[in-house]
Each structure stands twice: as C-alpha cells, then as structure tokens.
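Enquirer: Provided herewith: input09.csv, CSV, N, CA and C atoms.
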chain,number,residue,atom,x,y,z
A,1,MET,N,-31.0,-5.8,14.1
A,1,MET,CA,-30.6,-5.1,12.9
A,1,MET,C,-29.4,-4.2,13.2
A,2,GLU,N,-29.4,-3.5,14.4
A,2,GLU,CA,-28.3,-2.7,14.7
A,2,GLU,C,-27.0,-3.4,14.7
A,3,MET,N,-27.0,-4.7,15.2
A,3,MET,CA,-25.8,-5.5,15.3
A,3,MET,C,-25.3,-5.8,13.9
A,4,MET,N,-26.3,-6.1,13.0
A,4,MET,CA,-25.9,-6.4,11.6
A,4,MET,C,-25.3,-5.2,10.9
A,5,VAL,N,-25.8,-4.0,11.1
A,5,VAL,CA,-25.2,-2.8,10.6
A,5,VAL,C,-23.8,-2.6,11.1
A,6,ASP,N,-23.6,-2.8,12.4
A,6,ASP,CA,-22.3,-2.7,13.1
A,6,ASP,C,-21.3,-3.6,12.4
A,7,THR,N,-21.7,-4.9,12.2
A,7,THR,CA,-20.8,-5.8,11.6
A,7,THR,C,-20.4,-5.4,10.1
A,8,LEU,N,-21.4,-5.0,9.4
A,8,LEU,CA,-21.2,-4.5,8.0
A,8,LEU,C,-20.3,-3.3,8.0
A,9,LEU,N,-20.5,-2.4,8.9
A,9,LEU,CA,-19.7,-1.2,8.9
A,9,LEU,C,-18.2,-1.6,9.3
A,10,GLU,N,-18.1,-2.5,10.2
A,10,GLU,CA,-16.7,-3.0,10.6
A,10,GLU,C,-16.0,-3.6,9.4
A,11,ARG,N,-16.8,-4.4,8.6
A,11,ARG,CA,-16.2,-5.0,7.4
A,11,ARG,C,-15.9,-4.0,6.4
A,12,LEU,N,-16.7,-2.9,6.2
A,12,LEU,CA,-16.5,-1.9,5.3
A,12,LEU,C,-15.2,-1.1,5.7
A,13,LEU,N,-15.1,-0.8,6.9
A,13,LEU,CA,-13.9,-0.1,7.4
A,13,LEU,C,-12.6,-0.9,7.2
A,14,GLU,N,-12.7,-2.2,7.4
A,14,GLU,CA,-11.5,-3.1,7.2
A,14,GLU,C,-11.2,-3.1,5.7
A,15,ALA,N,-12.2,-3.2,4.8
A,15,ALA,CA,-12.0,-3.2,3.4
A,15,ALA,C,-11.4,-1.9,2.9
A,16,THR,N,-11.8,-0.8,3.5
A,16,THR,CA,-11.3,0.5,3.2
A,16,THR,C,-9.9,0.7,3.6
A,17,ASP,N,-9.5,0.1,4.7
A,17,ASP,CA,-8.1,0.1,5.2
A,17,ASP,C,-7.2,-0.7,4.2
A,18,ARG,N,-7.8,-1.9,3.8
A,18,ARG,CA,-7.0,-2.7,2.8
A,18,ARG,C,-6.8,-2.0,1.5
A,19,LEU,N,-7.8,-1.2,1.1
A,19,LEU,CA,-7.8,-0.4,-0.1
A,19,LEU,C,-6.7,0.6,0.0
A,20,GLU,N,-6.7,1.3,1.1
A,20,GLU,CA,-5.7,2.3,1.4
A,20,GLU,C,-4.3,1.7,1.3
A,21,GLN,N,-4.1,0.6,1.9
A,21,GLN,CA,-2.8,-0.1,1.9
A,21,GLN,C,-2.4,-0.4,0.5
A,22,ALA,N,-3.3,-0.9,-0.3
A,22,ALA,CA,-3.0,-1.3,-1.7
A,22,ALA,C,-2.7,-0.1,-2.5
A,23,VAL,N,-3.4,1.0,-2.4
A,23,VAL,CA,-3.2,2.2,-3.2
A,23,VAL,C,-1.9,2.9,-2.8
A,24,THR,N,-1.6,2.9,-1.6
A,24,THR,CA,-0.4,3.6,-1.1
A,24,THR,C,0.9,2.8,-1.4
A,25,GLN,N,0.7,1.5,-1.6
A,25,GLN,CA,1.9,0.6,-1.9
A,25,GLN,C,2.3,0.9,-3.4
A,26,LYS,N,3.6,1.2,-3.5
A,26,LYS,CA,4.2,1.5,-4.8
A,26,LYS,C,4.1,0.3,-5.7
A,27,ASP,N,3.7,0.4,-6.9
A,27,ASP,CA,3.6,-0.6,-7.9
A,27,ASP,C,2.6,-1.7,-7.6
A,28,SER,N,1.5,-1.3,-6.8
A,28,SER,CA,0.5,-2.3,-6.5
A,28,SER,C,-0.4,-2.5,-7.8
A,29,ASP,N,-1.0,-3.6,-7.8
A,29,ASP,CA,-1.8,-4.0,-9.0
A,29,ASP,C,-3.2,-3.4,-8.9
A,30,PRO,N,-3.6,-2.6,-9.9
A,30,PRO,CA,-4.9,-2.0,-9.9
A,30,PRO,C,-6.1,-3.0,-9.9
A,31,ASP,N,-5.8,-4.2,-10.4
A,31,ASP,CA,-6.8,-5.3,-10.3
A,31,ASP,C,-7.2,-5.6,-8.9
A,32,THR,N,-6.2,-5.5,-8.0
A,32,THR,CA,-6.5,-5.7,-6.5
A,32,THR,C,-7.4,-4.6,-6.0
A,33,TRP,N,-7.2,-3.4,-6.5
A,33,TRP,CA,-8.0,-2.3,-6.1
A,33,TRP,C,-9.5,-2.6,-6.5
A,34,LEU,N,-9.6,-3.0,-7.7
A,34,LEU,CA,-11.0,-3.3,-8.3
A,34,LEU,C,-11.7,-4.3,-7.4
A,35,SER,N,-11.0,-5.4,-7.1
A,35,SER,CA,-11.7,-6.4,-6.3
A,35,SER,C,-12.1,-5.9,-4.9
A,36,ILE,N,-11.3,-5.0,-4.3
A,36,ILE,CA,-11.6,-4.4,-3.0
A,36,ILE,C,-12.8,-3.4,-3.2
A,37,LEU,N,-12.7,-2.7,-4.3
A,37,LEU,CA,-13.8,-1.7,-4.5
A,37,LEU,C,-15.1,-2.5,-4.7
A,38,ASP,N,-15.1,-3.6,-5.4
A,38,ASP,CA,-16.3,-4.4,-5.6
A,38,ASP,C,-16.9,-4.9,-4.3
A,39,GLU,N,-15.9,-5.4,-3.5
A,39,GLU,CA,-16.3,-5.9,-2.1
A,39,GLU,C,-17.0,-4.7,-1.3
A,40,ARG,N,-16.4,-3.5,-1.4
A,40,ARG,CA,-16.9,-2.4,-0.7
A,40,ARG,C,-18.3,-2.0,-1.2
A,41,GLU,N,-18.5,-2.1,-2.5
A,41,GLU,CA,-19.8,-1.7,-3.1
A,41,GLU,C,-20.9,-2.7,-2.6
A,42,ALA,N,-20.5,-4.0,-2.5
A,42,ALA,CA,-21.5,-4.9,-2.0
A,42,ALA,C,-21.9,-4.6,-0.5
A,43,LEU,N,-20.8,-4.3,0.2
A,43,LEU,CA,-21.1,-4.0,1.7
A,43,LEU,C,-21.9,-2.7,1.8
A,44,ILE,N,-21.7,-1.7,1.0
A,44,ILE,CA,-22.4,-0.5,1.1
A,44,ILE,C,-23.9,-0.8,0.8
A,45,LEU,N,-24.2,-1.6,-0.2
A,45,LEU,CA,-25.6,-1.9,-0.6
A,45,LEU,C,-26.2,-2.6,0.6
A,46,GLN,N,-25.5,-3.6,1.2
A,46,GLN,CA,-26.1,-4.3,2.4
A,46,GLN,C,-26.3,-3.3,3.5
A,47,ILE,N,-25.4,-2.4,3.8
A,47,ILE,CA,-25.6,-1.4,4.8
A,47,ILE,C,-26.8,-0.5,4.6
A,48,GLU,N,-27.0,-0.1,3.3
A,48,GLU,CA,-28.1,0.7,2.9
A,48,GLU,C,-29.4,0.0,3.2
A,49,GLU,N,-29.5,-1.3,2.8
A,49,GLU,CA,-30.7,-2.1,3.0
A,49,GLU,C,-31.0,-2.2,4.5
A,50,ASN,N,-30.0,-2.5,5.3
A,50,ASN,CA,-30.2,-2.7,6.7
A,50,ASN,C,-30.4,-1.4,7.5
A,51,ALA,N,-29.8,-0.3,7.1
A,51,ALA,CA,-30.0,1.0,7.7
A,51,ALA,C,-31.4,1.5,7.5
A,52,VAL,N,-31.9,1.3,6.3
A,52,VAL,CA,-33.2,1.7,6.0
A,52,VAL,C,-34.2,1.0,6.8
A,53,ALA,N,-34.0,-0.3,7.0
A,53,ALA,CA,-34.9,-1.1,7.9
A,53,ALA,C,-34.8,-0.7,9.3
A,54,SER,N,-33.6,-0.3,9.8
A,54,SER,CA,-33.5,0.1,11.2
A,54,SER,C,-33.8,1.6,11.4
A,55,SER,N,-33.9,2.3,10.3
A,55,SER,CA,-34.3,3.7,10.2
A,55,SER,C,-33.3,4.8,10.7
A,56,ALA,N,-32.4,4.4,11.6
A,56,ALA,CA,-31.5,5.4,12.1
A,56,ALA,C,-30.1,4.8,12.5
A,57,LEU,N,-29.1,5.5,12.3
A,57,LEU,CA,-27.7,5.1,12.7
A,57,LEU,C,-27.4,5.6,14.1
A,58,THR,N,-26.6,4.8,14.8
A,58,THR,CA,-26.2,5.2,16.1
A,58,THR,C,-25.0,6.2,16.0
A,59,ALA,N,-24.6,6.8,17.1
A,59,ALA,CA,-23.4,7.7,17.0
A,59,ALA,C,-22.1,6.9,16.6
A,60,ALA,N,-22.0,5.7,17.2
A,60,ALA,CA,-20.8,4.9,16.8
A,60,ALA,C,-20.8,4.6,15.4
A,61,GLN,N,-21.9,4.2,14.8
A,61,GLN,CA,-22.0,3.9,13.4
A,61,GLN,C,-21.7,5.1,12.5
A,62,ARG,N,-22.2,6.3,12.9
A,62,ARG,CA,-21.8,7.5,12.2
A,62,ARG,C,-20.3,7.8,12.3
A,63,GLN,N,-19.7,7.5,13.4
A,63,GLN,CA,-18.3,7.8,13.6
A,63,GLN,C,-17.5,6.8,12.6
A,64,ARG,N,-17.9,5.6,12.5
A,64,ARG,CA,-17.3,4.7,11.6
A,64,ARG,C,-17.4,5.2,10.1
A,65,LEU,N,-18.6,5.6,9.8
A,65,LEU,CA,-18.8,6.2,8.5
A,65,LEU,C,-17.9,7.4,8.2
A,66,THR,N,-17.7,8.2,9.2
A,66,THR,CA,-16.9,9.4,9.1
A,66,THR,C,-15.4,8.9,8.8
A,67,GLN,N,-15.0,7.9,9.5
A,67,GLN,CA,-13.6,7.4,9.3
A,67,GLN,C,-13.5,6.9,7.9
A,68,ILE,N,-14.5,6.2,7.4
A,68,ILE,CA,-14.4,5.6,6.1
A,68,ILE,C,-14.4,6.8,5.0
A,69,HIS,N,-15.2,7.8,5.3
A,69,HIS,CA,-15.3,8.9,4.4
A,69,HIS,C,-13.9,9.7,4.3
A,70,GLU,N,-13.3,9.9,5.5
A,70,GLU,CA,-12.0,10.6,5.5
A,70,GLU,C,-10.9,9.8,4.8
A,71,THR,N,-11.0,8.5,4.9
A,71,THR,CA,-10.0,7.6,4.2
A,71,THR,C,-10.3,7.7,2.7
A,72,ASN,N,-11.5,7.7,2.3
A,72,ASN,CA,-11.8,7.8,0.9
A,72,ASN,C,-11.3,9.2,0.3
A,73,GLN,N,-11.4,10.2,1.1
A,73,GLN,CA,-11.0,11.5,0.6
A,73,GLN,C,-9.5,11.6,0.5
A,74,ARG,N,-8.7,10.8,1.3
A,74,ARG,CA,-7.3,10.7,1.1
A,74,ARG,C,-6.9,9.9,-0.1
A,75,LEU,N,-7.7,8.8,-0.4
A,75,LEU,CA,-7.4,7.9,-1.5
A,75,LEU,C,-7.7,8.4,-2.8
A,76,LEU,N,-8.8,9.2,-3.0
A,76,LEU,CA,-9.2,9.6,-4.3
A,76,LEU,C,-8.0,10.4,-5.1
A,77,PRO,N,-7.3,11.3,-4.5
A,77,PRO,CA,-6.2,12.0,-5.2
A,77,PRO,C,-5.1,11.0,-5.6
A,78,LEU,N,-4.8,10.0,-4.7
A,78,LEU,CA,-3.8,9.0,-5.0
A,78,LEU,C,-4.2,8.2,-6.2
A,79,ILE,N,-5.4,7.7,-6.2
A,79,ILE,CA,-5.9,6.9,-7.3
A,79,ILE,C,-5.9,7.7,-8.6
A,80,ASP,N,-6.3,9.0,-8.6
A,80,ASP,CA,-6.3,9.8,-9.8
A,80,ASP,C,-4.8,10.0,-10.3
A,81,THR,N,-3.9,10.2,-9.4
A,81,THR,CA,-2.5,10.4,-9.8
A,81,THR,C,-2.0,9.1,-10.4
A,82,ARG,N,-2.3,8.0,-9.9
A,82,ARG,CA,-1.8,6.7,-10.4
A,82,ARG,C,-2.5,6.5,-11.8
A,83,LYS,N,-3.8,6.8,-11.9
A,83,LYS,CA,-4.5,6.7,-13.2
A,83,LYS,C,-3.8,7.6,-14.3
A,84,GLN,N,-3.4,8.8,-13.9
A,84,GLN,CA,-2.8,9.7,-14.9
A,84,GLN,C,-1.4,9.1,-15.3
A,85,GLY,N,-0.7,8.5,-14.4
A,85,GLY,CA,0.6,7.9,-14.7
A,85,GLY,C,0.4,6.8,-15.7
A,86,VAL,N,-0.6,5.9,-15.5
A,86,VAL,CA,-0.8,4.8,-16.4
A,86,VAL,C,-1.2,5.4,-17.8
A,87,GLN,N,-2.0,6.4,-17.8
A,87,GLN,CA,-2.4,7.0,-19.1
A,87,GLN,C,-1.2,7.6,-19.8
A,88,LYS,N,-0.3,8.2,-19.1
A,88,LYS,CA,1.0,8.7,-19.8
A,88,LYS,C,1.7,7.5,-20.4
A,89,GLN,N,1.8,6.4,-19.6
A,89,GLN,CA,2.6,5.2,-20.2
A,89,GLN,C,1.9,4.7,-21.4
A,90,ILE,N,0.6,4.7,-21.4
A,90,ILE,CA,-0.2,4.2,-22.6
A,90,ILE,C,0.1,5.1,-23.8
A,91,ASN,N,0.1,6.4,-23.5
A,91,ASN,CA,0.3,7.4,-24.6
A,91,ASN,C,1.7,7.2,-25.2
A,92,ASN,N,2.7,7.0,-24.3
A,92,ASN,CA,4.1,6.8,-24.7
A,92,ASN,C,4.2,5.5,-25.6
A,93,VAL,N,3.6,4.5,-25.2
A,93,VAL,CA,3.6,3.2,-26.0
A,93,VAL,C,3.0,3.4,-27.3
A,94,GLN,N,1.9,4.1,-27.4
A,94,GLN,CA,1.2,4.4,-28.6
A,94,GLN,C,2.1,5.2,-29.6
A,95,ARG,N,2.8,6.2,-29.0
A,95,ARG,CA,3.7,7.1,-29.8
A,95,ARG,C,4.8,6.2,-30.3
A,96,SER,N,5.4,5.4,-29.5
A,96,SER,CA,6.5,4.5,-29.9
A,96,SER,C,6.0,3.6,-31.1
A,97,LYS,N,4.9,3.0,-30.9
A,97,LYS,CA,4.3,2.1,-32.0
A,97,LYS,C,4.2,2.9,-33.3
A,98,GLN,N,3.6,4.1,-33.2
A,98,GLN,CA,3.4,4.9,-34.4
A,98,GLN,C,4.7,5.3,-35.0
A,99,ALA,N,5.8,5.6,-34.3
A,99,ALA,CA,7.1,5.9,-34.8
A,99,ALA,C,7.7,4.7,-35.5
A,100,MET,N,7.5,3.5,-34.9
A,100,MET,CA,8.1,2.3,-35.5
A,100,MET,C,7.4,2.0,-36.8
A,101,ASN,N,6.1,2.1,-36.8
A,101,ASN,CA,5.3,1.9,-38.0
A,101,ASN,C,5.7,2.8,-39.1
A,102,THR,N,5.9,4.1,-38.8
A,102,THR,CA,6.3,5.1,-39.7
A,102,THR,C,7.6,4.8,-40.4
A,103,TYR,N,8.6,4.3,-39.6
A,103,TYR,CA,9.9,4.1,-40.2
A,103,TYR,C,10.3,2.6,-40.5
A,104,SER,N,9.4,1.7,-40.3
A,104,SER,CA,9.7,0.3,-40.5
A,104,SER,C,9.9,-0.1,-41.9
A,105,ASP,N,9.2,0.5,-42.8
A,105,ASP,CA,9.3,0.2,-44.2
A,105,ASP,C,10.1,1.2,-45.1
A,106,VAL,N,10.8,2.1,-44.4
A,106,VAL,CA,11.5,3.1,-45.1
A,106,VAL,C,12.7,2.7,-45.9
A,107,GLY,N,13.4,1.7,-45.5
A,107,GLY,CA,14.6,1.2,-46.2
A,107,GLY,C,15.7,1.0,-45.3
A,108,PRO,N,16.9,1.1,-45.8
A,108,PRO,CA,18.1,0.8,-45.1
A,108,PRO,C,18.3,1.7,-43.9
A,109,SER,N,18.7,1.2,-42.8
A,109,SER,CA,19.1,1.9,-41.7
A,109,SER,C,20.5,1.4,-41.2
A,110,GLY,N,21.3,2.3,-40.8
A,110,GLY,CA,22.7,1.8,-40.4
A,110,GLY,C,22.9,2.1,-39.0
A,111,TYR,N,23.4,1.1,-38.3
A,111,TYR,CA,23.8,1.2,-36.9
A,111,TYR,C,22.7,1.9,-36.0
A,112,GLY,N,21.5,1.5,-36.2
A,112,GLY,CA,20.4,2.1,-35.4
A,112,GLY,C,19.9,3.5,-35.8
A,113,ALA,N,20.6,4.1,-36.9
A,113,ALA,CA,20.2,5.4,-37.3
A,113,ALA,C,19.1,5.2,-38.4
A,114,PHE,N,18.1,6.1,-38.4
A,114,PHE,CA,17.1,6.1,-39.4
A,114,PHE,C,17.4,7.1,-40.4
A,115,PHE,N,17.2,6.7,-41.7
A,115,PHE,CA,17.3,7.7,-42.8
A,115,PHE,C,15.9,8.1,-43.1
A,116,ASP,N,15.5,9.3,-42.8
A,116,ASP,CA,14.1,9.7,-43.0
A,116,ASP,C,14.0,10.2,-44.5
A,117,ARG,N,13.2,9.4,-45.2
A,117,ARG,CA,13.0,9.7,-46.6
A,117,ARG,C,11.6,10.3,-46.8
A,118,LYS,N,10.8,10.4,-45.7
A,118,LYS,CA,9.4,10.9,-45.9
A,118,LYS,C,9.4,12.4,-45.6
A,119,LYS,N,9.7,13.2,-46.7
A,119,LYS,CA,9.6,14.6,-46.6
A,119,LYS,C,8.7,15.2,-47.5
Translate this structure into structure tokens?

Expert:
Amino acid sequence: MEMMVDTLLERLLEATDRLEQAVTQKDSDPDTWLSILDEREALILQIEENAVASSALTAAQRQRLTQIHETNQRLLPLIDTRKQGVQKQINNVQRSKQAMNTYSDVGPSGYGAFFDRKK
C-alpha cells in the first residue's frame, strides 16, 4: 500500500507542476487547466482511499504533500488574477454589444460618427 501511495503522490506532484507551468504561461488555455485539475482530483481521491487503508503517511509522503500544498498556494492568486481578467473582458464585450444595440437603429450616421437622438 505504501508503494501505491508513493506512486500516486509522485503523479500528483507531476500534475501539480504541469498545472503551475500552464498557469504561469501567458495566454495559456484555461481548458488545459481544467483537464489537469480533473486529473489531480482523481489522484487525490485515490490517495485518500489508499492512505486510509494504510492508516499513516511516511515522512517522505508528508514532504511531497507539503510541496504540493506550497505550489497550490502560489497558483491560487495567479488563477484568481487570470479569472478577473477574463471577467473584465466579458464585461467589456457585453458593454460593446449593448452600445451597438442602442445605436444600431437610430438612423443615419456619417463617417463613423453617431448622431444620438435618444434624449
């Protein structure tokens, strides 16, 4: 059982490192993040099942878990920042659509200038 937990922890650490690379890469695809997060979730469930069966973690296993936790703590603010950036982009697109809908049926416009008749 201990060997199985070691293997799972190693795979979890590797997946966490891949997630960190993906998140820190500029313009990376959030769908990639989600697939890595799903993989990590499955590994965590397997570790929990095997750790409960073996009842205790070794010092080396705890050290790996500490590494994973530290990486997670660095990643969370980066992910939140990226999420806020995407939300701002969505808000800007929605504002642009609303402005276009407001002025699309107003009438003549010359050389890109809008004549605001809605007062």

Enquirer: Closest to Ala56 of chain A among A:Thr102, A:Glu41, A:Val5, A:Thr16, using only C-alpha atoms?

Expert: A:Val5

Enquirer: Can you tell me how far atom N of Arg18 of chain A sits from atom CA of Ile90 of chain A, in Å to one decimal?

Expert: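 It comes out at 28.1 Å.
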
Enquirer: Atom C of Leu19 of chain A to atom CA of Thr58 of chain A: how many Å, to one decimal?

Expert: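 Going from atom C of Leu19 of chain A over to atom CA of Thr58 of chain A covers 25.7 Å.
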
Enquirer: Mind checking which residues fall within 7 Å of Val23 of chain A, counting only N, CA and C atoms, ignoring those fewer than 6 positions away in the same chain, and posting them as a PyMOL selection string?

Expert: chain A and resi 33+78-79

Enquirer: From a DSSP calculation on the backbone, collect every residue of chain A in helix (DSSP H, G or I) and output the set as JSON, numbers by chain.

Expert: {"A": [2, 3, 4, 5, 6, 7, 8, 9, 10, 11, 12, 13, 14, 15, 16, 17, 18, 19, 20, 21, 22, 23, 24, 30, 31, 32, 33, 34, 35, 36, 37, 38, 39, 40, 41, 42, 43, 44, 45, 46, 47, 48, 49, 50, 51, 52, 53, 54, 59, 60, 61, 62, 63, 64, 65, 66, 67, 68, 69, 70, 71, 72, 73, 74, 75, 76, 77, 78, 79, 80, 81, 82, 83, 84, 85, 86, 87, 88, 89, 90, 91, 92, 93, 94, 95, 96, 97, 98, 99, 100, 101, 102, 103]}

Enquirer: Here is a test: counting all atoms listed in the file, which residue of A:Asn72, A:Thr32, A:Ala51, A:Arg64 is nearest to Glu10 of chain A?

Expert: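 Using all atoms listed in the file, Glu10 of chain A sits closest to A:Arg64.
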
Enquirer: Rank nothing, just name the residue among A:Thr7, A:Thr81, A:Gln21, A:Ser28 nearest to Leu43 of chain A, using only C-alpha atoms.

Expert: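 The shortest atom-to-atom distance to Leu43 of chain A comes from A:Thr7.
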
Enquirer: Find the residues near Glu20 of chain A: any atom within 8 Å, counting only N, CA and C atoms, skip ones fewer than 6 places away on the same chain, and give them as a PyMOL selection string.

Expert: chain A and resi 14+71-72+74-75

Enquirer: In Å, with one decimal, what is the gap from atom N of Ala99 of chain A to atom N of Lys83 of chain A?

Expert: 24.4 Å
